[in-house]
>>> print(open('input-v4.csv').read())   # CSV, C-alpha atoms
chain,number,residue,atom,x,y,z
A,827,MET,CA,8.2,-14.9,9.2
A,828,GLN,CA,9.8,-14.4,5.8
A,829,ILE,CA,9.4,-11.7,3.2
A,830,LYS,CA,9.0,-12.6,-0.5
A,831,GLU,CA,8.3,-10.5,-3.6
A,832,THR,CA,5.4,-11.7,-5.6
A,833,LYS,CA,4.0,-11.2,-9.1
A,834,ASP,CA,1.1,-13.6,-8.6
A,835,PHE,CA,-1.8,-11.4,-9.7
A,836,ASN,CA,-4.4,-14.1,-8.9
A,837,LEU,CA,-3.1,-14.2,-5.3
A,838,MET,CA,-3.3,-10.4,-5.1
A,839,GLY,CA,-6.9,-10.6,-6.3
A,840,GLN,CA,-7.6,-12.8,-3.3
A,841,LEU,CA,-5.6,-10.7,-0.9
A,842,GLY,CA,-7.3,-7.5,-2.1
A,843,LYS,CA,-10.4,-8.4,-0.2
A,844,THR,CA,-9.2,-7.2,3.2
A,845,MET,CA,-8.2,-3.8,1.8
A,846,GLN,CA,-11.3,-3.3,-0.4
A,847,GLU,CA,-13.8,-4.3,2.3
A,848,LYS,CA,-12.1,-2.0,4.8
A,849,HIS,CA,-12.2,1.0,2.4
A,850,ARG,CA,-15.8,0.2,1.3
A,851,ALA,CA,-16.9,0.1,4.9
A,852,LEU,CA,-15.4,3.6,5.5
A,853,TYR,CA,-16.5,5.1,2.2
A,854,PRO,CA,-19.3,3.0,0.5
A,855,GLU,CA,-20.1,5.9,-1.9
A,856,PHE,CA,-16.5,5.9,-3.2
A,857,PHE,CA,-15.3,2.3,-3.2
A,858,LYS,CA,-16.7,-0.5,-5.3
A,859,PRO,CA,-17.7,-3.9,-3.9
A,860,TYR,CA,-14.9,-6.4,-3.7
A,861,ASP,CA,-14.3,-8.1,-7.1
A,862,GLU,CA,-11.5,-10.7,-7.0
A,863,GLU,CA,-11.3,-11.0,-10.8
A,864,SER,CA,-11.0,-7.2,-11.5
A,865,ILE,CA,-8.4,-6.8,-8.8
A,866,ALA,CA,-6.4,-9.7,-10.2
A,867,GLN,CA,-6.6,-8.1,-13.7
A,868,HIS,CA,-5.4,-4.8,-12.3
A,869,PHE,CA,-2.4,-6.4,-10.6
A,870,GLU,CA,-1.6,-8.2,-13.9
A,871,THR,CA,-1.1,-4.8,-15.4
A,872,VAL,CA,0.7,-3.4,-12.4
A,873,PHE,CA,3.2,-6.2,-12.5
A,874,GLN,CA,4.3,-5.2,-16.0
A,875,ASN,CA,5.9,-2.1,-14.6
A,876,PRO,CA,9.3,-3.0,-13.0
A,877,LYS,CA,9.0,0.0,-10.7
A,878,GLU,CA,6.0,-1.6,-9.0
A,879,LYS,CA,6.8,-4.2,-6.3
A,880,VAL,CA,4.6,-6.2,-4.0
A,881,PHE,CA,6.1,-8.0,-1.0
A,882,LEU,CA,4.4,-10.7,1.0
A,883,TRP,CA,5.0,-11.4,4.7
A,884,LEU,CA,4.7,-15.2,5.1
A,885,ASP,CA,4.0,-17.0,8.4
A,886,ASP,CA,6.1,-20.1,8.4
A,887,SER,CA,3.8,-21.9,10.8
A,888,LYS,CA,0.8,-21.8,8.4
A,889,GLN,CA,0.7,-24.1,5.4
A,890,ASP,CA,-2.7,-23.5,3.9
A,891,GLN,CA,-2.7,-19.6,3.8
A,892,PRO,CA,0.8,-18.4,4.9
A,893,VAL,CA,0.3,-14.8,3.9
A,894,SER,CA,0.0,-12.5,6.9
A,895,ALA,CA,0.5,-9.1,5.2
A,896,TYR,CA,1.5,-7.4,2.0
A,897,LEU,CA,3.2,-4.1,1.0
A,898,TRP,CA,2.8,-2.6,-2.5
A,899,LEU,CA,5.6,-0.1,-3.3
A,900,SER,CA,6.0,2.1,-6.3
A,901,GLU,CA,9.1,4.1,-7.3
A,902,GLN,CA,7.9,7.4,-8.7
A,903,GLU,CA,9.5,10.4,-10.3
A,904,ILE,CA,7.6,13.6,-9.5
A,905,LYS,CA,8.3,16.1,-12.3
A,906,GLU,CA,9.5,19.6,-11.6
A,907,THR,CA,7.0,22.3,-12.6
A,908,PRO,CA,7.3,26.1,-12.6
A,909,PHE,CA,5.8,26.0,-9.1
A,910,ARG,CA,7.6,23.3,-7.3
A,911,TYR,CA,10.8,21.1,-7.5
A,912,GLY,CA,10.7,17.6,-8.8
A,913,TYR,CA,11.7,14.7,-6.6
A,914,THR,CA,11.8,10.9,-6.4
A,915,ARG,CA,9.6,9.1,-3.9
A,916,LEU,CA,8.8,5.6,-2.8
A,917,TYR,CA,5.0,5.6,-2.8
A,918,ILE,CA,3.3,3.0,-0.6
A,919,SER,CA,0.2,2.1,-2.6
A,920,HIS,CA,-1.1,-0.5,-0.2
A,921,ILE,CA,-0.1,-1.7,3.2
A,922,ALA,CA,-2.4,-4.5,4.3
A,923,VAL,CA,-2.3,-6.7,7.4
A,924,LEU,CA,-4.7,-9.7,7.3
A,925,PRO,CA,-7.2,-9.8,10.2
A,926,ASP,CA,-5.5,-12.6,12.2
A,927,TYR,CA,-2.2,-10.6,12.3
A,928,GLN,CA,-3.6,-7.2,13.2
A,929,ASN,CA,-2.6,-5.3,16.4
A,930,LYS,CA,0.7,-7.2,16.6
A,931,GLY,CA,3.1,-4.6,15.4
A,932,LEU,CA,3.3,-5.9,11.8
A,933,SER,CA,2.4,-2.6,10.2
A,934,SER,CA,5.5,-1.0,11.8
A,935,GLU,CA,7.6,-3.8,10.4
A,936,LEU,CA,6.2,-3.3,6.9
A,937,LEU,CA,6.8,0.5,7.2
A,938,GLN,CA,10.4,-0.1,8.3
A,939,PHE,CA,10.8,-2.4,5.3
A,940,ALA,CA,9.7,0.4,3.0
A,941,ASP,CA,12.2,2.8,4.7
A,942,ASP,CA,15.0,0.3,4.2
A,943,TYR,CA,14.0,-0.3,0.6
A,944,ALA,CA,14.0,3.4,-0.1
A,945,LYS,CA,17.4,3.9,1.5
A,946,GLU,CA,18.8,1.0,-0.5
A,947,LYS,CA,17.5,2.5,-3.7
A,948,LYS,CA,18.7,6.0,-2.6
A,949,ILE,CA,15.1,7.3,-2.7
A,950,PRO,CA,14.9,10.3,-0.2
A,951,TYR,CA,11.1,10.2,0.5
A,952,VAL,CA,8.6,7.6,1.4
A,953,GLU,CA,5.0,8.8,0.9
A,954,LEU,CA,1.5,7.4,1.3
A,955,HIS,CA,-2.0,8.6,1.7
A,956,TYR,CA,-4.8,7.4,3.8
A,957,TRP,CA,-8.5,8.1,4.2
A,958,ALA,CA,-9.5,10.7,6.9
A,959,ASN,CA,-11.8,8.3,8.7
A,960,ASN,CA,-9.1,5.6,8.9
A,961,THR,CA,-7.9,6.7,12.4
A,962,ILE,CA,-5.9,3.4,12.9
A,963,ALA,CA,-3.9,4.1,9.8
A,964,LYS,CA,-3.3,7.8,10.8
A,965,GLU,CA,-2.1,6.8,14.3
A,966,THR,CA,0.1,4.0,12.8
A,967,TYR,CA,1.8,6.3,10.3
A,968,GLN,CA,2.4,9.1,12.8
A,969,LYS,CA,3.9,6.6,15.3
A,970,ASN,CA,6.2,5.5,12.5
A,971,GLY,CA,7.5,9.0,11.7
A,972,PHE,CA,5.1,10.2,8.9
A,973,SER,CA,3.9,13.7,9.0
A,974,ILE,CA,1.1,15.4,7.1
A,975,TYR,CA,2.2,17.8,4.4
A,976,ASN,CA,-0.7,17.9,2.0
A,977,GLU,CA,-4.4,17.6,2.5
A,978,ILE,CA,-7.2,17.2,0.0
A,979,ALA,CA,-10.8,18.4,0.6
A,980,GLN,CA,-13.9,17.4,-1.3
A,981,LYS,CA,-17.3,19.0,-1.7
A,982,LYS,CA,-20.2,17.0,-3.1
A,983,LEU,CA,-22.7,19.0,-5.1
>>> encode(input="input-v4.csv", output="structure tokens")
Amino acid sequence: MQIKETKDFNLMGQLGKTMQEKHRALYPEFFKPYDEESIAQHFETVFQNPKEKVFLWLDDSKQDQPVSAYLWLSEQEIKETPFRYGYTRLYISHIAVLPDYQNKGLSSELLQFADDYAKEKKIPYVELHYWANNTIAKETYQKNGFSIYNEIAQKKL
């Protein structure tokens, strides 16, 4: 397995299917149907920001579709306000493991990569969010040292 940074927005349009379909299954009223072209266009814009990085995990044994997972990281400055201190964080925008590679510990490897990346950049916090019904994500993040410090509630009228 090798790790490689990518700026291939068309590939991200294809890889976005796993993430989008998972979220849509959990929250169909919130998430749009998968649209490869619009996701590719989104990543084309994302890749213009040097603080946004996407890393691919490549399976050396597969030639036709070697990507097994991807990790989208964003270096962010949270501004100080009169109410709270500012800080720098490494935000995990997406962590996605393709179906053939799930339940094999790859999520923990991706999260460790994010920790190492943050340490290398001297970023003191790694943050992410996940949807309440995504119990697999919740368990994975807790197992890897993440703790909840902020919750958002919604009321539909």
>>> atom_distance(input="input-v4.csv", atom1="atom CA of A:Tyr951", atom2="atom CA of A:Thr914")
7.0 Å
>>> closest_residue(input="input-v4.csv", among="A:Gln889, A:Ser934, A:Thr832, A:Ser894", to="A:Val872", atoms="only C-alpha atoms")
A:Thr832
>>> closest_residue(input="input-v4.csv", among="A:Glu953, A:Gln938, A:Lys945, A:Leu932", to="A:Asn970", atoms="only C-alpha atoms")
A:Gln938
>>> closest_atom_pairs(input="input-v4.csv", of="stretch 879-920 of chain A", to="stretch 841-846 of chain A", cutoff="9 Å", atoms="all atoms listed in the file", output="JSON lines")
{"residue": "A:Val893", "atom": "CA", "partner": "A:Leu841", "partner_atom": "CA", "distance": 8.6}
{"residue": "A:Ala895", "atom": "CA", "partner": "A:Leu841", "partner_atom": "CA", "distance": 8.8}
{"residue": "A:Tyr896", "atom": "CA", "partner": "A:Leu841", "partner_atom": "CA", "distance": 8.3}
{"residue": "A:His920", "atom": "CA", "partner": "A:Met845", "partner_atom": "CA", "distance": 8.1}
>>> atom_distance(input="input-v4.csv", atom1="atom CA of A:Glu935", atom2="atom CA of A:Ser864")
28.9 Å
>>> residues_around(input="input-v4.csv", residues="A:His868", least_positions_apart="6", cutoff="12 Å", atoms="all atoms listed in the file", output="list in words")
Lys833, Asp834, Phe835, Asn836, Leu837, Met838, Gly839, Gly842, Asp861, Glu862, Gln874 and Asn875 of chain A
>>> write_last_selection(input="input-v4.csv", atoms="C-alpha atoms", output="tab-separated table (two decimals), in the coordinates of the input")
chain	number	residue	atom	x	y	z
A	833	LYS	CA	4.00	-11.20	-9.10
A	834	ASP	CA	1.10	-13.60	-8.60
A	835	PHE	CA	-1.80	-11.40	-9.70
A	836	ASN	CA	-4.40	-14.10	-8.90
A	837	LEU	CA	-3.10	-14.20	-5.30
A	838	MET	CA	-3.30	-10.40	-5.10
A	839	GLY	CA	-6.90	-10.60	-6.30
A	842	GLY	CA	-7.30	-7.50	-2.10
A	861	ASP	CA	-14.30	-8.10	-7.10
A	862	GLU	CA	-11.50	-10.70	-7.00
A	874	GLN	CA	4.30	-5.20	-16.00
A	875	ASN	CA	5.90	-2.10	-14.60
>>> atom_distance(input="input-v4.csv", atom1="atom CA of A:Arg915", atom2="atom CA of A:Ala940")
11.1 Å
>>> closest_residue(input="input-v4.csv", among="A:Asp926, A:Glu847, A:Glu977, A:Asp885", to="A:Met827", atoms="all atoms listed in the file")
A:Asp885
>>> axis_aligned_box(input="input-v4.csv", around="stretch 877-884 of chain A", padding_each_side="6 Å", output="AutoDock Vina command-line options")
--center_x 6.7 --center_y -7.6 --center_z -2.8 --size_x 16.6 --size_y 27.2 --size_z 27.8
>>> residues_around(input="input-v4.csv", residues="A:Gln828", least_positions_apart="2", cutoff="9 Å", atoms="all atoms listed in the file", output="number ranges by chain")
A: 830, 882-886
>>> residues_near_point(input="input-v4.csv", point="(7.5, -4.9, 2.4)", cutoff="6 Å", atoms="all atoms listed in the file", output="NGL selection string")
:A and (881 or 897 or 936 or 939-940)
>>> closest_residue(input="input-v4.csv", among="A:Ala944, A:Pro892, A:Leu937, A:Asn929", to="A:Leu916", atoms="only C-alpha atoms")
A:Ala944
>>> residues_around(input="input-v4.csv", residues="A:Ile974", least_positions_apart="3", cutoff="10 Å", atoms="all atoms listed in the file", output="compact mmCIF listing (two decimals) with C-alpha atoms, in the frame of the given file")
# COMPACT_ATOMS: atom_id res chain seq x y z
CA GLU A 953 5.00 8.80 0.90
CA LEU A 954 1.50 7.40 1.30
CA HIS A 955 -2.00 8.60 1.70
CA LYS A 964 -3.30 7.80 10.80
CA TYR A 967 1.80 6.30 10.30
CA GLN A 968 2.40 9.10 12.80
CA GLU A 977 -4.40 17.60 2.50
